[in-house]
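Report on the following structure.
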Amino acid sequence: MQSSLKLLELTRSARAGQLVDEREFDVKIIPSKLKQLANEHGVSYDPETPVPNDRQLADDVFEAACEFLAEVGIFCIDTQRIIKFSENEIKGAANSVPTRVHVGAGSDSREISRRGIEDQARPAVIGGLGGGIVSQRYYEDIITSIAVEPVIDAICGGSLVEIEGGPIIRDSPIEMHAARFEAICMRKAVARANRPGLCVLAGSPEGAAAVISAFDPQFGYRKTDMAISCLVYPMKTTLNLLNKTKHFIDYGCPVFSYADHLIGGYTGGPNTTAISMTAHCLANQLISQSSVQEISCQDIRYNNTSSRMSIWDHSVVAQALTRNTKIVATSESFASAGPCTEMILYEAVAPALAVVSGAHAGPGPAGCGTKEVDRFTGLEERLFGQIALSLAGRKLDFADHVAKAILPKYEHLFASPPLGKRYHECYDARTVTASTEWSSILQSVRRELEEIGLQLDE
Amino acid sequence: MTGPNQKVEIIEQLRTSVIQGDSNQAELAANRALEAGIDPLEAIEQGLAKGIREVGEKFQKLDLFLTDMIIAAEAMTAAISVLEKDLPEKGTLQKRGTVVIATVAGDIHDIGKNIVVALLKANSLRVTDLGKDIPSRDLVDQAESSHADVIGLSALLSTTMVAQQEVLMMLQDLRLRDKYRVIVGGAPVTEQWAKQIGADAYGKDANEGVVKVQELLTEKLGREEQNASRKL
Amino acid sequence: MLPGSSNLLEIVERAKTGRLVKESEFEAKLLPNKLKELATKHDIKRDPEVLIPSDDGLADSVFEAAKELLLDLGVYCNDTGRTVKITEEDLKETLRNLPESIILGSGQERRELRIRTVEDKRPPAFVGGIGGGICSSQNYLNILISIAMEPAVDSICCGSLSEIDGKPIVGRSPIEMHAAQLEADWMRQAANRAGRPGLCLIGSGFEWAAADHASFNPDWGFRSTDAGCPCMIYPMKIDFNMLAKVKHYLDHKMPIHAYSDQLIGGFTRGAEENVISSMAHHLANVILNHATYQHVNCQHIHYNNTSNRLSIWCHNVVGQAIARNTRIITTSECFASAGPCTEMILYEGAAVALSVVSGTGLGPGICGRATKETDKFTGLEERFFAKAGHACAGMKREDANDIANQLVKKYEHMFDNPPPGKTLNECYDTETMKPTREWLAIYGKVMKDIGELGLKL
């Protein structure tokens, strides 16, 4: 049962736990423990099988993750101390999660339920920018272009790069103004798309005061939206994050958690990152009492989740979670390429493949690794959703075949991907339709995907 | 050799420069004292310390104000840093004790602390004022690098006084607790709270804080001297 | 400046681009030197025999000096280390747009606060409450109830929670958020228990913006008919956290009760300089914090009370400066040295209440033990404070001065060792929420005493 009082206990634990040097935690404790556990549990990465069909592997990853979390704990940056959990607590929390969450309102009310491996049930599709950077000018238009896509079940906002022509200053009235603007913008956009009840993933501003001020039934986020919380990679939290989570729970909306991982970062290669990602999901359950969790293992070189290693990680983590917990998970899509390119559409396939492993799809795809302003449109989201839906009920081996077929089309371009176009360069904002060029690219890629074996709806 | 009149005049200059809060004048007078061969300790006691005590008394009566105390203390500090060069051992002044003081993490209120700092300096104590909103770890590190004897922790909010407890816990965890005496104070802080968190002393107000700091220093330094002589 | 909350964005912009100044330089040199210079230039002098001056020229000089201070130095921003420039146009426009009255509370508890004049015959509004005084989580609700039950209270100001269930409140953490929520909930409960659900609540007592925001809730927390409570940070400073709070209040279209406690003997020097500083803070509060109404608080640096001679003089001079030159609505806060269930606290309250003749309203207060001892607040001293204030309405300043002098002589010799008084539990029946006989007897005695001095309650 959700209770914000648990956050008080966590705060007290964060003050009383073992004092640890942060640098030691990052560069010694985390990597060495992961390496040790990967060896002990025989977790290894096979680049030839991007989507493994290996239940034992999934269970090994899960067990290693539980041990990892129990031994290492979560580091609180503010207090420089460790919050510890026992294995019983970890497994208990992972299995006492409600297996479904209701989001959205009216005709856009959706039930997002836990999925199994090769599950026939329709996956939810979370569209949106995954925190990608947007200008104030085009924010509403971009969100509208995504919200009009019928395949989208919920929508995630971006991060304003500036407000009223100036930078956003954390913990100031400017941040509050930006947060309010964003909330109003999201509401306007979904209303424009004629989907006023569409669930919005809320809470991108950093500062707690700004986030809290945007949760308002009159103009802002509602109880039918989902509030975003996270852990800081690797295995860390802050009082600010706990503060926001407390408010979300008090407010009464479901919590959507994430913990973006870097393959090649502190958590090492794909095998150790899979253990860590799973552990983070377990930790998020304990700390944020999440209703939905995001899997996001990005290649440190390219900031995407479309690489071979990411596909492997997303699949393995999704399988580990669905076989051993009640956690509802979704697979995030970060692409290297931008809109109005073939590559972004090819890349959209990769994280969607985790649907076969038990995940839902999204947020995403977010183009250009989310790091180019306004490079997001509804069209890539449409295809991403269609791909995800087409994978319901398919086999792991099929997903592996698709991965092997699609990767050669783009992975050689990672070092220098096509950035594509900004929203207003490939969309008509007035009619909220893609340009002819962009639409043609989509049709062409659809045909290729169908040739690979994906049966896409219109 | 300095004539008695010149010595009196220089010491008087030291005293008045502090009362006037004139750091330049104070430095000048301190240099003159060194050149004239006046014993630095005498210059401090008879000149600077007298001046600061006078300012302190006037502040108590509100004939002078906090800002006058602050600039007087600054003038005194400026003069001492000159006179210190000529002390037989640099640690002579440090033997009076060193106090490191700060407003704790998350708290930007420092007027209470500033009053205490001014009064401590008025009592010729060596004080390192770290400022406000100081993270607990930084505070401890600074105490170490300053070779502090007493750590003073000020908090003005009920939500920040908990950081006083954090500092004490940190000292414990780093096995440094016995090295320092810790005094706490501030508007929401009570004697009960001080005991609860294991502080060595509590200052109800600035004046009491200063008295307690001096008691803590006397106790600590006295004990250290005793231990040192036992070893010999 | 832009209207509404957009003005806050402009303030931040000015804070980012203003003059770079070291904080210590600003507060320990620039400000006190300027105050000293202005006090001399405008011939602002205090006659030690006079607590409540009848000198309109003095009041007007204080106003002019305050304007000069604000225009010359601006306000210091802690976050950027720069000063925020205030222009003549900002001042003129803000003062021009001030309303003559504001509305607090709702339903039966709807109150209209109007500007007051010097020697105004109308009864003053009364901000009851604890003025940030320290309360235990065990007794906070009862203290608030005892105050809310006093019919003379027009709105109720929060205290400051010292712990929750014996555990410390960790700043900027979920615990502080929780504490702020509890406080708001208790304030609403107190108003409901007193049968006054629409009573205007002034909170929260937590400085941190996120905690303040988290305490807003239509069911159990602060509402748009309550009042937000930002402040200028002494001396002459702001920070982004405070402005973030103001933004939230403006977005909720609620009244804003701003404050700016001064310290006589502190950075703002003596009484003569403090009145200039206090007036300048009032002006800055209106421009930067969008204050709808404010309170005057000039505390003595050693006693932390507002019942000493210097403070009383300051409150009255500032009150007159405000009333004669602006439409700012202000009240006079009472920090007493003594605690509840003593004669002294009531004499102190009466002395501060006299500032009503200078155009102020009343409160917050009476806050006993200068707010620094836990749970030393009850409704009875608030009742007394209100009565004293009402009795002063229409009185001449000269008459009020005579009474003030007599009152102060009754207690000022006890400032170094004031009677600590009792906690609420010790002088109230918390079942019936009525004062004990002992406390009522003291109250009766002092009422009589003060009547003999010329203040008929």
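Ordering of the structure tokens sets the chain letters (A, B, ...), residue numbers begin anew at 1 in every chain, and ligands are numbered from 1 in the order given.
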
Could you produce a table of the residues of chain B lying within 12 Å of chain A, with the nearest pair of atoms per residue and their separation in Å rounded to one decimal, using only C-alpha atoms, ordered by chain and increasing residue number, as a tab-separated table?
residue	atom	partner	partner_atom	distance
B:Ala105	CA	A:Asp78	CA	10.1
B:Gly106	CA	A:Asp78	CA	10.8
B:Pro135	CA	A:Asp78	CA	8.9
B:Ser136	CA	A:Thr79	CA	8.6
B:Arg137	CA	A:Gln80	CA	8.9
B:Asp138	CA	A:Thr79	CA	12.0
B:Val162	CA	A:Arg15	CA	9.9
B:Ala163	CA	A:Arg15	CA	9.8
B:Gln165	CA	A:Arg15	CA	9.7
B:Glu166	CA	A:Arg15	CA	7.4
B:Val167	CA	A:Thr79	CA	10.5
B:Leu168	CA	A:Ala16	CA	11.8
B:Met169	CA	A:Ala16	CA	8.4
B:Met170	CA	A:Leu19	CA	7.9
B:Leu171	CA	A:Leu19	CA	10.9
B:Gln172	CA	A:Leu19	CA	10.6
B:Asp173	CA	A:Leu19	CA	7.3
B:Leu174	CA	A:Leu19	CA	8.7
B:Arg175	CA	A:Leu19	CA	11.9

Would you give me, as a list in words, the residues in stretch 224-415 of chain A that DSSP reads as strand (DSSP E)? Met226, Ala227, Ile228, Ser229, Cys230, Lys236, Thr237, Val255, Phe256, Ser257, Tyr258, His261, Leu262, Ile263, Val292, Gln293, Glu294, Ile295, Cys297, Gln298, Asp299, Ala329, Thr330, Ser331, His360 and Ala361 of chain A

Chain C residues near chain B (9 Å cut-off, only C-alpha atoms) as an MDAnalysis selection string: chainID C and resid 27:29 32 78 133:134 160:163 168:172 175:176 206:207 233:234 264:270 301:302 371:374

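Here the DSSP assignment of alpha helix (DSSP H), based on backbone atoms, applies within stretch 312-363 of chain C to Ile312, Trp313, Cys314, His315, Asn316, Val317, Val318, Gly319, Gln320, Ala321, Ile322, Ala323, Arg324, Asn325, Glu343, Met344, Ile345, Leu346, Tyr347, Glu348, Gly349, Ala350, Ala351, Val352 and Ala353 of chain C.
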
Considering only C-alpha atoms, extract the chain A residues located within 8 Å of chain C and return them as a list in words. Leu7, Leu8, Thr11, Asp171, Ser172, Pro173, Ile174, Met176, Ala208, Ala209, Ala210, Ile212, Ser213, Leu239, Asn240, Leu242, Asn243, Lys246 and His247 of chain A

Those residues with C-alpha atoms, as a PDB file, in the first residue's frame please?
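Saved as out-v2.pdb:
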ATOM      1  CA  LEU A   7       9.436   8.664   2.836  1.00  0.00           C
ATOM      2  CA  LEU A   8       9.938   9.945   6.362  1.00  0.00           C
ATOM      3  CA  THR A  11      14.853  10.171   5.276  1.00  0.00           C
ATOM      4  CA  ASP A 171      14.605  26.777  -7.236  1.00  0.00           C
ATOM      5  CA  SER A 172      13.537  30.238  -8.363  1.00  0.00           C
ATOM      6  CA  PRO A 173      10.262  31.771  -9.516  1.00  0.00           C
ATOM      7  CA  ILE A 174      11.544  31.196 -13.059  1.00  0.00           C
ATOM      8  CA  MET A 176       8.104  27.668 -11.075  1.00  0.00           C
ATOM      9  CA  ALA A 208      10.581  20.242  -5.650  1.00  0.00           C
ATOM     10  CA  ALA A 209       8.857  23.605  -5.162  1.00  0.00           C
ATOM     11  CA  ALA A 210       8.377  24.019  -8.899  1.00  0.00           C
ATOM     12  CA  ILE A 212       4.664  20.750  -6.488  1.00  0.00           C
ATOM     13  CA  SER A 213       3.271  24.037  -7.744  1.00  0.00           C
ATOM     14  CA  LEU A 239      16.345  14.453  -0.552  1.00  0.00           C
ATOM     15  CA  ASN A 240      14.929  16.531  -3.393  1.00  0.00           C
ATOM     16  CA  LEU A 242      12.300  11.998  -1.999  1.00  0.00           C
ATOM     17  CA  ASN A 243      10.504  15.297  -1.479  1.00  0.00           C
ATOM     18  CA  LYS A 246       6.236  12.394  -1.123  1.00  0.00           C
ATOM     19  CA  HIS A 247       4.130  15.000  -2.800  1.00  0.00           C
TER      20      HIS A 247
END

A:Val316 surroundings by only C-alpha atoms, 7 Å radius, close-in-sequence under 4 positions cut, as a PyMOL selection string: chain A and resi 58+274+312+320

Contacts of A:Ser276 at 8 Å or less, counting only C-alpha atoms, minus same-chain residues fewer than 3 places along, as a list in words? Leu34, Ala65, Phe68, Thr267, Thr272, Thr273, Ala279 and His280 of chain A

Requested write-out: N, CA and C atoms of the selected residues, as a PDB file, in the first residue's frame:
ATOM      1  N   LEU A  34      29.258  -5.538  -8.998  1.00  0.00           N
ATOM      2  CA  LEU A  34      28.530  -6.022 -10.177  1.00  0.00           C
ATOM      3  C   LEU A  34      29.322  -7.117 -10.893  1.00  0.00           C
ATOM      4  N   ALA A  65      20.587  -9.127  -8.960  1.00  0.00           N
ATOM      5  CA  ALA A  65      20.120  -7.763  -8.678  1.00  0.00           C
ATOM      6  C   ALA A  65      19.686  -7.623  -7.224  1.00  0.00           C
ATOM      7  N   PHE A  68      22.734  -7.540  -5.143  1.00  0.00           N
ATOM      8  CA  PHE A  68      23.435  -6.280  -5.373  1.00  0.00           C
ATOM      9  C   PHE A  68      22.812  -5.167  -4.530  1.00  0.00           C
ATOM     10  N   THR A 267      28.368   1.119 -14.406  1.00  0.00           N
ATOM     11  CA  THR A 267      27.821  -0.229 -14.273  1.00  0.00           C
ATOM     12  C   THR A 267      28.386  -1.194 -15.296  1.00  0.00           C
ATOM     13  N   THR A 272      26.562  -6.602 -16.667  1.00  0.00           N
ATOM     14  CA  THR A 272      26.512  -5.980 -15.340  1.00  0.00           C
ATOM     15  C   THR A 272      25.483  -4.856 -15.308  1.00  0.00           C
ATOM     16  N   THR A 273      25.307  -4.184 -16.440  1.00  0.00           N
ATOM     17  CA  THR A 273      24.294  -3.116 -16.475  1.00  0.00           C
ATOM     18  C   THR A 273      22.892  -3.698 -16.336  1.00  0.00           C
ATOM     19  N   ALA A 279      18.219  -3.999 -10.464  1.00  0.00           N
ATOM     20  CA  ALA A 279      18.323  -3.567  -9.067  1.00  0.00           C
ATOM     21  C   ALA A 279      17.707  -2.192  -8.876  1.00  0.00           C
ATOM     22  N   HIS A 280      17.910  -1.321  -9.830  1.00  0.00           N
ATOM     23  CA  HIS A 280      17.326   0.017  -9.731  1.00  0.00           C
ATOM     24  C   HIS A 280      15.810  -0.064  -9.748  1.00  0.00           C
TER      25      HIS A 280
END

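Of the listed residues (C:Val352, C:Val357, C:Ala271, C:Ala191), C:Val357 comes nearest to C:Lys121; the distances count only C-alpha atoms.
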
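Comparing C:Leu95, C:Ala66, C:Cys334, C:Leu288 by their smallest distance to C:Ala386, the closest is C:Cys334 (using only C-alpha atoms).
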
Hey, can you check how far atom CA of B:Leu48 sits from atom CA of B:Asn5? 17.9 Å

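Near C:Pro419, within 12 Å and counting only C-alpha atoms, sit C:Ala336, C:Ser337, C:Ala338, C:Gly339, C:Pro340, C:Cys341, C:Thr342, C:Glu343, C:Met344, C:Ile345, C:Leu346, C:Gly368, C:Arg369, C:Lys376, C:Tyr411, C:Glu412, C:His413, C:Met414, C:Phe415; same-chain residues fewer than 4 positions away were not included.
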
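The two atoms in question, atom CA of C:Thr330 and atom CA of C:Gln294, are spaced 4.6 Å apart.
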
What's the 7 Å shell around A:Asp225, counting only C-alpha atoms, without same-chain residues fewer than 3 positions away, as an NGL selection string? :A and (103-104 or 199-201 or 221-222 or 253)

Output C-alpha atoms for every residue in the selection just made, as a compact mmCIF listing (two decimals), in the first residue's frame.
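part37.txt was written with the following content:
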# COMPACT_ATOMS: atom_id res chain seq x y z
CA VAL A 103 -4.47 6.25 -15.72
CA GLY A 104 -6.18 8.86 -17.82
CA CYS A 199 -2.64 10.63 -19.11
CA VAL A 200 0.30 12.99 -18.89
CA LEU A 201 3.62 11.98 -17.39
CA TYR A 221 -1.43 17.80 -13.39
CA ARG A 222 -4.26 15.67 -12.11
CA CYS A 253 -1.45 10.08 -8.55
